[in-house]
Structures are given as C-alpha cells and as structure tokens.
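J.: So here's model.txt (compact mmCIF, C-alpha atoms).
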```txt
# COMPACT_ATOMS: atom_id res chain seq x y z
CA MET A 15 135.38 125.24 172.51
CA ALA A 16 135.32 125.04 168.71
CA GLU A 17 132.20 127.19 168.59
CA LEU A 18 133.80 129.92 170.71
CA LYS A 19 136.90 129.90 168.52
CA LYS A 20 134.78 130.39 165.40
CA ARG A 21 132.90 133.27 167.02
CA LEU A 22 136.16 134.93 168.06
CA GLU A 23 137.62 134.47 164.58
CA ILE A 24 134.57 136.15 163.07
CA LEU A 25 134.88 138.95 165.62
CA GLU A 26 138.58 139.37 164.81
CA ARG A 27 137.86 139.72 161.08
CA GLU A 28 135.00 142.10 161.81
CA ILE A 29 137.17 144.40 163.93
CA ARG A 30 140.20 144.29 161.64
CA SER A 31 138.00 145.41 158.75
CA ILE A 32 137.16 148.66 160.56
CA PRO A 33 139.56 151.54 159.79
CA GLY A 34 141.48 153.15 162.65
CA GLY A 35 142.25 151.90 166.12
CA GLY A 36 144.67 149.14 167.02
CA ASP A 37 145.72 146.20 164.88
CA ILE A 38 144.81 143.15 166.96
CA TRP A 39 144.93 139.45 166.26
CA LEU A 40 143.62 136.25 167.80
CA ASP A 41 146.11 133.64 168.94
CA GLN A 42 146.22 130.50 171.04
CA GLN A 43 148.54 129.60 173.90
CA PRO A 44 150.82 126.70 172.85
CA GLY A 45 149.73 123.41 174.36
CA SER A 46 146.38 124.72 175.57
CA ALA A 47 143.44 124.73 173.18
CA LYS A 48 141.27 126.52 175.74
CA HIS A 49 143.59 129.50 176.23
CA MET A 50 142.80 131.84 173.34
CA TYR A 51 143.77 135.47 173.54
CA PHE A 52 143.82 138.72 171.64
CA ASP A 53 147.18 140.41 171.23
CA GLY A 54 148.35 143.75 169.91
CA GLY A 55 147.17 145.92 172.79
CA ALA A 56 148.67 146.90 176.13
CA GLY A 57 148.79 143.20 177.02
CA LYS A 58 147.05 139.97 176.14
CA MET A 59 143.32 139.69 176.72
CA TYR A 60 142.33 136.07 177.28
CA VAL A 61 138.91 134.71 176.37
CA LYS A 62 138.12 131.11 177.19
CA PRO A 63 135.03 128.96 177.79
CA ARG A 64 133.95 128.10 181.32
CA GLY A 65 130.95 126.00 180.39
CA ILE A 66 127.94 126.11 178.12
CA ASN A 67 127.35 129.76 177.21
CA GLU A 68 129.76 131.01 179.88
CA TYR A 69 133.04 132.78 179.21
CA GLU A 70 136.05 134.04 181.12
CA ILE A 71 137.72 137.32 180.16
CA ALA A 72 141.15 137.96 181.70
CA LEU A 73 143.44 141.01 181.48
CA SER A 74 147.07 139.92 181.55
CA THR A 75 149.10 143.04 182.42
CA ASN A 76 148.86 146.03 184.75
CA PRO A 77 148.85 148.52 181.84
CA LEU A 78 145.93 146.64 180.32
CA VAL A 79 144.13 146.60 183.68
CA ASP A 80 144.67 150.36 183.98
CA GLU A 81 143.23 150.80 180.50
CA MET A 82 140.28 148.41 180.69
CA GLY A 83 139.64 147.55 184.34
CA SER A 84 136.97 150.18 184.99
CA PHE A 85 135.34 149.40 181.66
CA MET A 86 135.09 145.70 182.53
CA ILE A 87 133.63 146.43 185.96
CA GLU A 88 131.03 148.67 184.33
CA GLN A 89 130.15 146.18 181.59
CA CYS A 90 129.99 143.17 183.90
CA GLY A 91 128.36 145.03 186.77
CA LYS A 92 130.80 143.53 189.28
CA GLN A 93 134.37 143.35 190.50
CA PRO A 94 136.59 140.58 189.08
CA ASP A 95 135.43 137.07 189.90
CA LYS A 96 139.00 135.99 190.59
CA TYR A 97 142.67 136.79 190.01
CA ASN A 98 144.84 134.28 188.19
CA HIS A 99 148.03 135.32 190.00
CA PRO A 100 148.96 136.55 193.49
CA GLY A 101 148.95 140.25 194.22
CA ARG A 102 145.63 140.81 192.45
CA ARG A 103 147.27 140.28 189.07
CA GLU A 104 145.40 139.19 185.93
CA PRO A 105 141.80 139.86 186.97
CA CYS A 106 139.10 137.65 185.43
CA TRP A 107 135.42 138.18 184.86
CA TRP A 108 132.93 135.38 184.24
CA VAL A 109 130.11 136.31 181.90
CA THR A 110 127.22 134.51 180.25
CA ASP A 111 126.49 137.14 177.59
CA PHE A 112 128.73 136.99 174.52
CA GLU A 113 127.80 140.60 173.86
CA ILE A 114 130.09 141.58 176.76
CA VAL A 115 132.92 139.67 175.09
CA ARG A 116 132.28 141.61 171.88
CA ARG A 117 132.31 144.95 173.65
CA ALA A 118 135.50 144.05 175.52
CA VAL A 119 137.33 143.11 172.32
CA TYR A 120 136.21 146.33 170.63
CA ARG A 121 137.50 148.32 173.59
CA TYR A 122 140.77 146.37 173.54
CA ALA A 123 141.21 147.26 169.86
CA HIS A 124 140.32 150.94 170.44
CA LYS A 125 137.53 150.66 167.90
CA SER A 126 134.14 152.35 168.12
CA TYR A 127 131.64 149.67 169.04
CA GLN A 128 129.38 148.44 166.27
CA LEU A 129 126.52 146.01 166.36
CA PRO A 130 127.14 142.69 164.59
CA ASP A 131 126.67 142.79 160.84
CA GLU A 132 123.36 141.73 159.45
CA VAL A 133 123.22 138.43 157.62
CA SER A 134 125.08 138.73 154.35
CA LEU A 135 122.93 138.45 151.25
CA ALA A 136 125.84 138.31 148.83
CA PRO A 137 125.48 135.74 146.05
CA VAL A 138 126.77 132.32 147.04
CA GLN A 139 129.32 130.90 144.64
CA ASN A 140 131.84 128.07 144.43
CA GLY A 141 129.51 125.22 145.25
CA GLU A 142 127.91 123.52 148.21
CA LYS A 143 130.96 123.75 150.48
CA ALA A 144 131.01 127.53 150.15
CA LEU A 145 127.28 127.62 150.80
CA MET A 146 127.66 125.62 154.02
CA ALA A 147 130.48 127.92 155.16
CA TRP A 148 128.28 130.93 154.42
CA VAL A 149 125.41 129.44 156.43
CA GLU A 150 127.66 128.59 159.38
CA GLU A 151 129.28 132.03 159.52
CA ASN A 152 125.94 133.81 159.42
CA GLU A 153 124.54 131.51 162.10
CA GLN A 154 127.48 132.53 164.29
CA ARG A 155 126.75 136.20 163.59
CA ALA A 156 123.11 135.71 164.55
CA ALA A 157 124.11 133.92 167.75
CA ALA A 158 126.21 136.94 168.77
CA LEU A 159 123.28 139.36 168.57
CA PRO A 160 121.48 140.57 171.71
CA LEU A 161 118.05 138.94 171.90
CA ASP A 162 116.08 142.16 171.38
CA LEU A 163 118.07 143.06 168.26
CA LEU A 164 117.86 139.49 166.98
CA GLN A 165 114.07 139.59 167.37
CA LYS A 166 113.86 142.91 165.53
CA ARG A 167 115.95 141.69 162.61
CA ALA A 168 114.10 138.37 162.46
CA GLU A 169 110.74 140.15 162.35
CA GLN A 170 111.95 142.41 159.55
CA ALA A 171 113.58 139.65 157.50
CA PRO A 172 112.10 138.82 154.07
CA ALA A 173 109.46 136.11 154.42
CA ILE A 174 110.37 134.45 151.12
CA ALA A 175 113.48 132.28 151.25
CA ARG A 176 116.17 133.13 148.74
CA LYS A 177 116.88 130.55 146.06
CA VAL A 178 120.38 130.00 144.70
CA ASP A 179 121.76 127.55 142.18
CA VAL A 180 124.70 125.61 143.57
CA LEU A 181 127.07 123.56 141.47
CA SER A 182 128.85 120.92 143.50
CA ALA A 183 130.49 117.53 143.36
CA THR A 184 129.14 114.71 145.48
CA TYR A 185 130.09 111.15 146.36
CA ILE A 186 127.95 108.24 145.20
CA ARG A 187 127.47 105.92 148.16
CA ASN A 188 127.05 102.21 147.57
CA PRO A 189 123.40 101.43 148.48
CA GLU A 190 124.28 97.81 149.26
CA VAL A 191 126.82 98.89 151.88
CA ALA A 192 124.33 101.32 153.43
CA ASN A 193 121.52 98.76 153.45
CA TYR A 194 123.73 96.08 154.97
CA ALA A 195 124.80 98.41 157.79
CA LYS A 196 121.15 99.09 158.62
CA ARG A 197 120.14 95.44 158.55
CA ARG A 198 123.21 94.51 160.59
CA ALA A 199 122.10 96.96 163.28
CA ASN A 200 118.77 95.12 163.51
CA GLY A 201 116.74 98.23 164.28
CA ILE A 202 119.09 99.50 167.01
CA CYS A 203 121.14 102.70 166.73
CA ASP A 204 124.85 101.87 166.73
CA LEU A 205 125.64 104.91 168.88
CA CYS A 206 122.96 105.39 171.54
CA GLY A 207 121.76 101.78 171.56
CA THR A 208 118.06 102.63 171.40
CA ALA A 209 115.48 101.34 168.96
CA ALA A 210 114.76 103.20 165.73
CA PRO A 211 112.28 106.03 166.46
CA PHE A 212 109.75 104.78 163.90
CA SER A 213 109.31 102.34 161.03
CA LYS A 214 108.91 102.95 157.32
CA PRO A 215 105.62 102.02 155.63
CA THR A 216 107.33 98.74 154.72
CA GLY A 217 107.81 97.97 158.41
CA GLU A 218 111.58 98.46 158.22
CA PRO A 219 113.02 100.32 161.24
CA TYR A 220 114.11 103.81 160.22
CA LEU A 221 117.86 104.25 160.66
CA GLU A 222 120.33 106.30 158.62
CA SER A 223 123.71 105.15 157.35
CA HIS A 224 126.75 107.13 158.46
CA HIS A 225 130.43 106.98 157.54
CA VAL A 226 132.45 106.98 160.77
CA LYS A 227 135.37 108.56 158.94
CA TRP A 228 133.69 110.91 156.52
CA ILE A 229 134.21 110.19 152.83
CA SER A 230 135.21 113.82 152.35
CA ASN A 231 138.07 113.16 154.79
CA GLY A 232 139.24 110.04 152.99
CA GLY A 233 136.96 107.49 154.66
CA GLU A 234 136.02 104.27 152.87
CA ASP A 235 132.55 103.46 151.62
CA SER A 236 132.71 100.00 153.15
CA ILE A 237 131.03 97.97 155.87
CA ASN A 238 134.12 98.61 158.00
CA ASN A 239 133.38 102.33 158.04
CA VAL A 240 129.58 102.54 157.82
CA VAL A 241 127.17 102.33 160.74
CA ALA A 242 123.42 102.76 161.22
CA LEU A 243 122.24 105.64 163.40
CA CYS A 244 118.96 107.08 164.57
CA PRO A 245 118.28 110.55 163.07
CA ASN A 246 119.22 112.29 166.32
CA CYS A 247 122.60 110.59 166.63
CA HIS A 248 123.27 111.06 162.92
CA ARG A 249 122.80 114.80 163.25
CA LYS A 250 124.88 114.78 166.43
CA MET A 251 127.80 113.17 164.58
CA HIS A 252 127.69 115.76 161.83
CA VAL A 253 127.48 118.66 164.27
CA LEU A 254 129.87 117.49 167.02
CA ASN A 255 131.74 114.44 165.67
CA ARG A 256 133.27 113.87 169.10
CA ASP A 257 136.29 111.62 169.45
CA GLU A 258 134.60 109.47 172.10
CA ASP A 259 131.61 108.84 169.82
CA ILE A 260 133.88 107.98 166.90
CA GLU A 261 135.75 105.50 169.09
CA LYS A 262 132.48 103.93 170.26
CA LEU A 263 131.31 103.45 166.67
CA GLU A 264 134.65 101.97 165.66
CA GLN A 265 134.38 99.50 168.53
CA GLN A 266 130.84 98.63 167.46
CA ILE A 267 132.06 97.80 163.96
CA LEU A 268 134.77 95.59 165.45
CA GLN A 269 132.12 93.78 167.50
CA TYR A 270 130.16 93.06 164.34
CA GLY A 271 133.25 91.49 162.80
CA ARG A 272 133.72 89.00 165.61
```
Could you spell out this file's structure in structure tokens?
T.:
Amino acid sequence: MAELKKRLEILEREIRSIPGGGDIWLDQQPGSAKHMYFDGGAGKMYVKPRGINEYEIALSTNPLVDEMGSFMIEQCGKQPDKYNHPGRREPCWWVTDFEIVRRAVYRYAHKSYQLPDEVSLAPVQNGEKALMAWVEENEQRAAALPLDLLQKRAEQAPAIARKVDVLSATYIRNPEVANYAKRRANGICDLCGTAAPFSKPTGEPYLESHHVKWISNGGEDSINNVVALCPNCHRKMHVLNRDEDIEKLEQQILQYGR
C-alpha cells in the first residue's frame, strides 16, 4: 500500500510538471487508506492495490466513463472486471502492469503520454537523508518502467558508480547495549526465532542489533528498546517495519525482563 502511494505521488508530480492539460491531484478517501484517487477531471479515478503487483482502476462517474471507457478497454484488452455499483456504474479494471496505471492517469489529466524520466543525476545535497530520499524516488521511477525500456536504460547506464560527498549527522550507539542484546538473544533471532546464519571468526553467532523504535523517531538506546536480529530480519524491519513485527519484538523484550 505504501509503495503504491509513493509511486502515485511521483506520478502526480511528474504529470503536474508538464505544461497544458488538466490540473489533477492525488487524494485519499477519508477513513480508507486503500482508496486513493485522482481528482480534477470529469470524475474521480480510483487506483488501489489488489495484491502484490496488482492494481484496480475504477472510473467513478458516467461522464468519466464516456471519456475514458473505450481507452481503458483498449489498454487493458478486456471489458471491466466488475462494477462497484448497480446499473453498471463505476467500472473497474484489474491490471498487473503499472504501466497501464501510468497511461490511464496521463489520459485522465489530458496530457500527452511520456515515458518515465530517466534516473536523475543531479548533485545530491543536504546530507544522508536527502541521499536516501533521492535513491528511493529513483528506485520507484525505475520500477515503473516497462521491462524492455528498463533493460535498454540499464545496458546504457555508466559502468562507473558516481561518488558524492555527503555531510550528515549520526547517532552514536552504546556498544555495551548492542552487545548485551546480542548475548541475551543467545544466537537466536528475536524476530523469526531461527539461529544466526553464521558465526564470526571468534565463534560468536552473527546477529545485528536493532532499535525497535528507531532512534531517529525518538527511540531510546537502551536494553528495553534494542533487540538482536538476523541480517534478513534486520533488513525486513528497515524496509517494512510492520506493526505486527514491532509488537512481537516488544513482547520479546518484555519476556527477557521477566
């Protein structure tokens, strides 16, 4: 869900930067995180996730259906998969190619379709946080490319990685807290419950310390907020940081305290 929202936000900025056509904007239905829509056209055009790499596009009004219905049938190669309301109102199409979503939003905005921008090579400034945001946005742009175009651009990309100097502030973690969390775990990942994937040359099981509530979000650097994770789960927490995993780790810390 969060990934789709980011991709739609990038698409919104991309389209709004193009002169001419309609002035559209992305919004979200109150009380429903899944129901995102574009507004500013002949009606709202909903885009929501159906599953992994599957999307639903819905046209909310008859004028919008008159304007875009034939286009959607042509792009999707099929009639609507369903109607959200009786009387064949609000037709929906289910698609697995985000490129169709892009083309639909361009059509909705009355903009001439353009391929996604190439990866920006503008200098990165303002520290590590800005660099990470730059990386994430360009990864989203790359993910939106059709495979054949992505392959072409990847093959033509410079082979030498670009080097930038980044000035940033960082937090100094207490090594005693981190080491205690690892020894407390006794070689077992606090999230998935499996043994460390390998051992260091010293024989110590390899686990990584992780702050359940990130320090950057106000979390403490204490044994009540630090756990030991296998590399896979550690990366998972920094990519997904799901509520259910956070709760599980918090419960694990409570178990240690008993």
J.: When you draw a straight line from atom CA of A:Leu73 to atom CA of A:Glu104, how long is it in Å?
T.: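 If I compute the distance from atom CA of A:Leu73 to atom CA of A:Glu104, I get 5.2 Å.
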J.: Counting all atoms listed in the file, which of A:Glu81, A:Glu222, A:Glu23, A:Glu68 gets nearest to A:Cys203?
T.: A:Glu222
J.: Residues near stretch 238-243 of chain A, anyone? I mean within 8 Å using all atoms listed in the file, not counting same-chain ones fewer than 6 positions away, as a list of chain:residue names.
T.: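 In the requested format, the answer is A:Val191, A:Ala192, A:Ala195, A:Lys196, A:Ala199, A:Ile202, A:Cys203, A:Asp204, A:Leu205, A:Leu221, A:Glu222, A:Ser223, A:His224, A:His225, A:Val226, A:Lys227, A:Leu263, A:Glu264, A:Ile267.
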J.: May I have the residues from that selection written out with C-alpha atoms, as a compact mmCIF listing (two decimals), keeping the file's coordinate frame?
T.:
```
# COMPACT_ATOMS: atom_id res chain seq x y z
CA VAL A 191 126.82 98.89 151.88
CA ALA A 192 124.33 101.32 153.43
CA ALA A 195 124.80 98.41 157.79
CA LYS A 196 121.15 99.09 158.62
CA ALA A 199 122.10 96.96 163.28
CA ILE A 202 119.09 99.50 167.01
CA CYS A 203 121.14 102.70 166.73
CA ASP A 204 124.85 101.87 166.73
CA LEU A 205 125.64 104.91 168.88
CA LEU A 221 117.86 104.25 160.66
CA GLU A 222 120.33 106.30 158.62
CA SER A 223 123.71 105.15 157.35
CA HIS A 224 126.75 107.13 158.46
CA HIS A 225 130.43 106.98 157.54
CA VAL A 226 132.45 106.98 160.77
CA LYS A 227 135.37 108.56 158.94
CA LEU A 263 131.31 103.45 166.67
CA GLU A 264 134.65 101.97 165.66
CA ILE A 267 132.06 97.80 163.96
```
J.: Tell me, as a PDB file with C-alpha atoms, keeping the file's coordinate frame, which residues lie within 12 Å of A:Asp37, counting all atoms listed in the file; anything in the same chain fewer than 2 positions away does not count.
T.:
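Listing of out26.pdb after writing:
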```pdb
ATOM      1  CA  GLU A  26     138.580 139.370 164.810  1.00  0.00           C
ATOM      2  CA  ARG A  27     137.860 139.720 161.080  1.00  0.00           C
ATOM      3  CA  GLU A  28     135.000 142.100 161.810  1.00  0.00           C
ATOM      4  CA  ILE A  29     137.170 144.400 163.930  1.00  0.00           C
ATOM      5  CA  ARG A  30     140.200 144.290 161.640  1.00  0.00           C
ATOM      6  CA  SER A  31     138.000 145.410 158.750  1.00  0.00           C
ATOM      7  CA  ILE A  32     137.160 148.660 160.560  1.00  0.00           C
ATOM      8  CA  PRO A  33     139.560 151.540 159.790  1.00  0.00           C
ATOM      9  CA  GLY A  34     141.480 153.150 162.650  1.00  0.00           C
ATOM     10  CA  GLY A  35     142.250 151.900 166.120  1.00  0.00           C
ATOM     11  CA  TRP A  39     144.930 139.450 166.260  1.00  0.00           C
ATOM     12  CA  LEU A  40     143.620 136.250 167.800  1.00  0.00           C
ATOM     13  CA  PHE A  52     143.820 138.720 171.640  1.00  0.00           C
ATOM     14  CA  ASP A  53     147.180 140.410 171.230  1.00  0.00           C
ATOM     15  CA  GLY A  54     148.350 143.750 169.910  1.00  0.00           C
ATOM     16  CA  GLY A  55     147.170 145.920 172.790  1.00  0.00           C
ATOM     17  CA  ALA A  56     148.670 146.900 176.130  1.00  0.00           C
ATOM     18  CA  VAL A 119     137.330 143.110 172.320  1.00  0.00           C
ATOM     19  CA  TYR A 120     136.210 146.330 170.630  1.00  0.00           C
ATOM     20  CA  TYR A 122     140.770 146.370 173.540  1.00  0.00           C
ATOM     21  CA  ALA A 123     141.210 147.260 169.860  1.00  0.00           C
ATOM     22  CA  HIS A 124     140.320 150.940 170.440  1.00  0.00           C
ATOM     23  CA  LYS A 125     137.530 150.660 167.900  1.00  0.00           C
TER      24      LYS A 125
END
```
J.: In Å, how far is it from atom CA of A:Arg256 to atom CA of A:Ser236?
T.: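 Between atom CA of A:Arg256 and atom CA of A:Ser236 the gap is 21.1 Å.
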J.: My structure is short of atoms at stretch 240-257 of chain A; please model N, CA and C atoms there, returning them as an mmCIF file, keeping the file's coordinate frame.
T.:
```
data_model
loop_
_atom_site.group_PDB
_atom_site.id
_atom_site.type_symbol
_atom_site.label_atom_id
_atom_site.label_comp_id
_atom_site.auth_asym_id
_atom_site.auth_seq_id
_atom_site.Cartn_x
_atom_site.Cartn_y
_atom_site.Cartn_z
ATOM 1 N N VAL A 240 130.965 102.060 157.870
ATOM 2 C CA VAL A 240 129.580 102.540 157.820
ATOM 3 C C VAL A 240 128.785 101.926 158.966
ATOM 4 N N VAL A 241 128.024 102.773 159.646
ATOM 5 C CA VAL A 241 127.170 102.330 160.740
ATOM 6 C C VAL A 241 125.748 102.805 160.486
ATOM 7 N N ALA A 242 124.824 102.347 161.325
ATOM 8 C CA ALA A 242 123.420 102.760 161.220
ATOM 9 C C ALA A 242 123.056 103.547 162.477
ATOM 10 N N LEU A 243 122.540 104.752 162.281
ATOM 11 C CA LEU A 243 122.240 105.640 163.400
ATOM 12 C C LEU A 243 120.798 106.116 163.355
ATOM 13 N N CYS A 244 120.258 106.412 164.523
ATOM 14 C CA CYS A 244 118.960 107.080 164.570
ATOM 15 C C CYS A 244 119.163 108.517 164.071
ATOM 16 N N PRO A 245 118.115 109.192 163.618
ATOM 17 C CA PRO A 245 118.280 110.550 163.070
ATOM 18 C C PRO A 245 118.953 111.512 164.046
ATOM 19 N N ASN A 246 118.643 111.381 165.331
ATOM 20 C CA ASN A 246 119.220 112.290 166.320
ATOM 21 C C ASN A 246 120.732 112.103 166.428
ATOM 22 N N CYS A 247 121.167 110.853 166.522
ATOM 23 C CA CYS A 247 122.600 110.590 166.630
ATOM 24 C C CYS A 247 123.329 110.925 165.325
ATOM 25 N N HIS A 248 122.644 110.722 164.198
ATOM 26 C CA HIS A 248 123.270 111.060 162.920
ATOM 27 C C HIS A 248 123.560 112.556 162.846
ATOM 28 N N ARG A 249 122.580 113.351 163.242
ATOM 29 C CA ARG A 249 122.800 114.800 163.250
ATOM 30 C C ARG A 249 123.877 115.167 164.257
ATOM 31 N N LYS A 250 123.868 114.515 165.404
ATOM 32 C CA LYS A 250 124.880 114.780 166.430
ATOM 33 C C LYS A 250 126.286 114.547 165.882
ATOM 34 N N MET A 251 126.476 113.464 165.126
ATOM 35 C CA MET A 251 127.800 113.170 164.580
ATOM 36 C C MET A 251 128.246 114.223 163.582
ATOM 37 N N HIS A 252 127.299 114.761 162.824
ATOM 38 C CA HIS A 252 127.690 115.760 161.830
ATOM 39 C C HIS A 252 127.877 117.145 162.443
ATOM 40 N N VAL A 253 127.300 117.371 163.607
ATOM 41 C CA VAL A 253 127.480 118.660 164.270
ATOM 42 C C VAL A 253 128.688 118.629 165.211
ATOM 43 N N LEU A 254 128.811 117.559 166.006
ATOM 44 C CA LEU A 254 129.870 117.490 167.020
ATOM 45 C C LEU A 254 131.035 116.590 166.601
ATOM 46 N N ASN A 255 130.714 115.406 166.087
ATOM 47 C CA ASN A 255 131.740 114.440 165.670
ATOM 48 C C ASN A 255 132.805 114.257 166.749
ATOM 49 N N ARG A 256 132.358 113.980 167.961
ATOM 50 C CA ARG A 256 133.270 113.870 169.100
ATOM 51 C C ARG A 256 134.125 112.617 169.019
ATOM 52 N N ASP A 257 135.352 112.739 169.504
ATOM 53 C CA ASP A 257 136.290 111.620 169.450
ATOM 54 C C ASP A 257 135.745 110.391 170.177
#
```
